[in-house]
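Colleague: Below are the structure tokens for one structure; questions will follow.
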Amino acid sequence: MSYRFMRILVFFDLPITTLENRKAYSKFRKFLIQNGFMMLQESVYCKLALNAVAAGAVISNVKLNIPKEGLVELLTVTERQFSRMEILIGEAHNEVLNSDERLVFL
């Protein structure tokens, strides 16, 4: 058996408008973490697999646990491709008010 490390990237955009949606989002996120995925960015998780066969098993398991609503995308790349990812650091632009800023509007 060949050891060609693979990375499985999971991108998801799930609705959180209702209580049921929020529970499904939380359940899916916890599933990913409990199964060895680590967060790269918000709603982007990654897991290392030993080879393509192991990656296929991980993908099958993710497919069994996706929520009914929303968008979930999977991308499998080799470790070499993943290591070529460029990380660009810039100024974060966030339009969400933190808790201290929200108090001003109350």
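Residue numbers start at 1 in each chain; chains themselves are named A, B, ... in the order of the structure tokens; ligands are numbered from 1 in the order shown.
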Give me every strand (DSSP E) residue in chain A, going by DSSP on the backbone, as JSON, numbers by chain.
Modeller: {"A": [6, 7, 8, 9, 10, 11, 12, 13, 38, 39, 40, 41, 44, 45, 46, 47, 48, 49, 71, 72, 73, 74, 75, 76, 77, 78]}
Colleague: Mind checking which residues fall within 12 Å of A:Gln34, counting only C-alpha atoms, ignoring those fewer than 6 positions away in the same chain, and posting them as a count of residues only?
Modeller: 5
Colleague: What is the distance, in Å and to one decimal place, between atom CA of A:Thr78 and atom CA of A:Leu14?
Modeller: 26.6 Å
Colleague: If I take atom CA of A:Gln41 and atom CA of A:Val72, how far is one from the other in Å, to one decimal?
Modeller: 14.6 Å
Colleague: Pick out the residues sitting within 9 Å of A:Phe11, and hand them over as a PDB file with N, CA, C and O atoms, in the first residue's frame; count only C-alpha atoms, and ignore anything fewer than 3 positions along from it in its own chain.
Modeller:
ATOM      1  N   SER A  43     -15.943  28.062   8.966  1.00  0.00           N
ATOM      2  CA  SER A  43     -16.653  27.215   8.007  1.00  0.00           C
ATOM      3  C   SER A  43     -15.752  26.540   6.982  1.00  0.00           C
ATOM      4  O   SER A  43     -16.209  26.107   5.932  1.00  0.00           O
ATOM      5  N   VAL A  44     -14.456  26.432   7.275  1.00  0.00           N
ATOM      6  CA  VAL A  44     -13.514  25.680   6.441  1.00  0.00           C
ATOM      7  C   VAL A  44     -12.701  24.784   7.368  1.00  0.00           C
ATOM      8  O   VAL A  44     -11.982  25.263   8.243  1.00  0.00           O
ATOM      9  N   TYR A  45     -12.858  23.475   7.189  1.00  0.00           N
ATOM     10  CA  TYR A  45     -12.171  22.502   8.040  1.00  0.00           C
ATOM     11  C   TYR A  45     -11.321  21.578   7.179  1.00  0.00           C
ATOM     12  O   TYR A  45     -11.603  21.385   5.995  1.00  0.00           O
ATOM     13  N   CYS A  46     -10.282  21.005   7.784  1.00  0.00           N
ATOM     14  CA  CYS A  46      -9.312  20.212   7.048  1.00  0.00           C
ATOM     15  C   CYS A  46      -8.911  18.986   7.860  1.00  0.00           C
ATOM     16  O   CYS A  46      -8.840  19.043   9.090  1.00  0.00           O
ATOM     17  N   LEU A  71     -25.140  24.320   2.179  1.00  0.00           N
ATOM     18  CA  LEU A  71     -24.175  23.926   1.172  1.00  0.00           C
ATOM     19  C   LEU A  71     -22.937  23.359   1.854  1.00  0.00           C
ATOM     20  O   LEU A  71     -22.350  24.002   2.727  1.00  0.00           O
ATOM     21  N   VAL A  72     -22.553  22.151   1.474  1.00  0.00           N
ATOM     22  CA  VAL A  72     -21.328  21.522   1.979  1.00  0.00           C
ATOM     23  C   VAL A  72     -20.533  21.076   0.758  1.00  0.00           C
ATOM     24  O   VAL A  72     -21.059  20.373  -0.105  1.00  0.00           O
ATOM     25  N   GLU A  73     -19.279  21.492   0.684  1.00  0.00           N
ATOM     26  CA  GLU A  73     -18.412  21.133  -0.428  1.00  0.00           C
ATOM     27  C   GLU A  73     -17.167  20.440   0.101  1.00  0.00           C
ATOM     28  O   GLU A  73     -16.653  20.812   1.163  1.00  0.00           O
ATOM     29  N   LEU A  74     -16.681  19.447  -0.637  1.00  0.00           N
ATOM     30  CA  LEU A  74     -15.480  18.710  -0.268  1.00  0.00           C
ATOM     31  C   LEU A  74     -14.435  18.867  -1.367  1.00  0.00           C
ATOM     32  O   LEU A  74     -14.767  18.819  -2.553  1.00  0.00           O
ATOM     33  N   LEU A  75     -13.196  19.016  -0.972  1.00  0.00           N
ATOM     34  CA  LEU A  75     -12.090  19.085  -1.915  1.00  0.00           C
ATOM     35  C   LEU A  75     -10.965  18.230  -1.361  1.00  0.00           C
ATOM     36  O   LEU A  75     -10.583  18.378  -0.193  1.00  0.00           O
TER      37      LEU A  75
END
Colleague: Just list as JSON, numbers by chain whatever in chain A DSSP marks as helix (DSSP H, G or I).
Modeller: {"A": [19, 20, 21, 22, 23, 24, 25, 26, 27, 28, 29, 30, 31, 32, 33, 34, 52, 53, 54, 55, 56, 57, 58, 59, 60, 61, 62, 63, 64, 79, 80, 81, 82, 83, 99, 100, 101, 102, 103, 104, 105]}
Colleague: Put those residues in a file: C-alpha atoms, as an mmCIF file, in the first residue's frame.
Modeller:
data_model
loop_
_atom_site.group_PDB
_atom_site.id
_atom_site.type_symbol
_atom_site.label_atom_id
_atom_site.label_comp_id
_atom_site.auth_asym_id
_atom_site.auth_seq_id
_atom_site.Cartn_x
_atom_site.Cartn_y
_atom_site.Cartn_z
ATOM 1 C CA LEU A 19 -33.389 26.827 16.182
ATOM 2 C CA GLU A 20 -33.418 23.610 14.147
ATOM 3 C CA ASN A 21 -30.882 25.098 11.699
ATOM 4 C CA ARG A 22 -28.582 26.191 14.540
ATOM 5 C CA LYS A 23 -28.728 22.713 16.080
ATOM 6 C CA ALA A 24 -27.878 21.111 12.717
ATOM 7 C CA TYR A 25 -24.972 23.544 12.251
ATOM 8 C CA SER A 26 -23.642 22.826 15.733
ATOM 9 C CA LYS A 27 -24.039 19.067 15.303
ATOM 10 C CA PHE A 28 -22.171 19.092 11.970
ATOM 11 C CA ARG A 29 -19.360 21.260 13.325
ATOM 12 C CA LYS A 30 -18.971 19.000 16.375
ATOM 13 C CA PHE A 31 -18.971 15.957 14.093
ATOM 14 C CA LEU A 32 -16.069 17.410 12.108
ATOM 15 C CA ILE A 33 -14.042 18.211 15.225
ATOM 16 C CA GLN A 34 -14.685 14.806 16.819
ATOM 17 C CA ALA A 52 -6.713 8.099 -1.286
ATOM 18 C CA VAL A 53 -8.482 5.027 0.129
ATOM 19 C CA ALA A 54 -8.522 6.512 3.638
ATOM 20 C CA ALA A 55 -9.650 9.854 2.200
ATOM 21 C CA GLY A 56 -12.540 8.077 0.481
ATOM 22 C CA ALA A 57 -13.635 6.562 3.795
ATOM 23 C CA VAL A 58 -13.521 9.989 5.477
ATOM 24 C CA ILE A 59 -15.540 11.533 2.641
ATOM 25 C CA SER A 60 -18.168 8.780 2.887
ATOM 26 C CA ASN A 61 -18.474 9.440 6.613
ATOM 27 C CA VAL A 62 -18.894 13.188 6.037
ATOM 28 C CA LYS A 63 -21.580 12.529 3.408
ATOM 29 C CA LEU A 64 -23.525 10.475 5.944
ATOM 30 C CA GLU A 79 -0.235 16.985 0.814
ATOM 31 C CA ARG A 80 2.172 18.504 -1.681
ATOM 32 C CA GLN A 81 -0.589 20.636 -3.226
ATOM 33 C CA PHE A 82 -1.811 21.636 0.221
ATOM 34 C CA SER A 83 1.697 22.672 1.282
ATOM 35 C CA SER A 99 -20.329 43.206 22.588
ATOM 36 C CA ASP A 100 -18.890 46.526 23.836
ATOM 37 C CA GLU A 101 -19.887 48.340 20.655
ATOM 38 C CA ARG A 102 -23.412 46.901 20.820
ATOM 39 C CA LEU A 103 -23.980 48.443 24.257
ATOM 40 C CA VAL A 104 -23.597 51.914 22.749
ATOM 41 C CA PHE A 105 -26.641 51.305 20.557
#
Colleague: Mind giving me the straight-line distance from atom CA of A:Arg84 to atom CA of A:Ile66 in Å, one decimal?
Modeller: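 Here the two named atoms are 28.7 Å from each other.
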Colleague: Nearest to A:Asn51: which of A:Leu9, A:Met38, A:Val77, A:Met85 is it, counting only C-alpha atoms?
Modeller: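 Checking each candidate against A:Asn51, we get A:Val77 as the closest.
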Colleague: For a quick check of understanding, using only C-alpha atoms, which of A:Ile87, A:Leu50, A:Leu40, A:Ile16 has the smallest distance to A:Pro67?
Modeller: A:Ile16
